[in-house]
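Below is one structure, written out as structure tokens; the observations come after it.
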Amino acid sequence: ATASAMARVTKKVPPEFPPAAKQLNLSGPQGVNVVVNAAGDVEEAKVVKGNAVFSNASLTAVKQWKFTPLLKDGQPIRFATVLLFNYTR
């Protein structure tokens, strides 16, 4: 994510490491594209890179995130960013 987007995070929920990934000894990064609405809630989330075994954990976590709304001309607007989760054992 961009530094400005991360500075807007007001609630950050870490993803749970999937049991299947532990059993298979998997790790690595996963990128999730998020669209944040004018209220600061995650409106859309889509995995854009990384091992699919981590997808549900990433999406479940990121949908709980909250952001300070982005303002344009004093009005809150939607914005998009990519969040990176690094799954390590």
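Labels used: A, B, ... for chains in the order of the structure tokens, numbers from 1 for residues in each chain, and numbers from 1 for ligands as shown.
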>> Can you pull out every residue from chain A that DSSP, working from the backbone, puts in strand (DSSP E), and format the result as an NGL selection string?
In response: :A and (9-11 or 28-36 or 42-49 or 66-67 or 70-72 or 75-77 or 79-87)
> Can you list, as JSON, numbers by chain, every protein, DNA or RNA residue that comes within 12 Å of region 61-77 of chain A when you count only C-alpha atoms, leaving out same-chain residues fewer than 4 positions away?
Replying inline: {"A": [4, 5, 6, 7, 8, 9, 10, 11, 12, 13, 14, 15, 16, 17, 30, 31, 32, 33, 34, 35, 36, 37, 38, 39, 40, 41, 42, 43, 44, 45, 46, 47, 54, 55, 56, 57, 81, 82, 83, 84, 85]}
> Which of these residues is nearest to Thr88 (chain A), using only C-alpha atoms: A:Thr60, A:Val48, A:Asn25, A:Pro19?
Replying inline: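 Among A:Thr60, A:Val48, A:Asn25, A:Pro19, it is A:Asn25 that comes nearest to Thr88 (chain A).
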>> Quick check, in Å to one decimal: how far apart do CA of Ser27 (chain A) and CA of Leu59 (chain A) lie?
In response: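 The value is 16.6 Å.
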> Got a sec to tell me which of region 54-86 of chain A DSSP assigns to alpha helix (DSSP H), as a count of residues only?
Replying inline: 8
> Which distance in Å separates CA of Lys22 (chain A) and CA of Tyr87 (chain A), to one decimal?
Replying inline: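 Taking CA of Lys22 (chain A) as the start and CA of Tyr87 (chain A) as the end point, the length is 10.2 Å.
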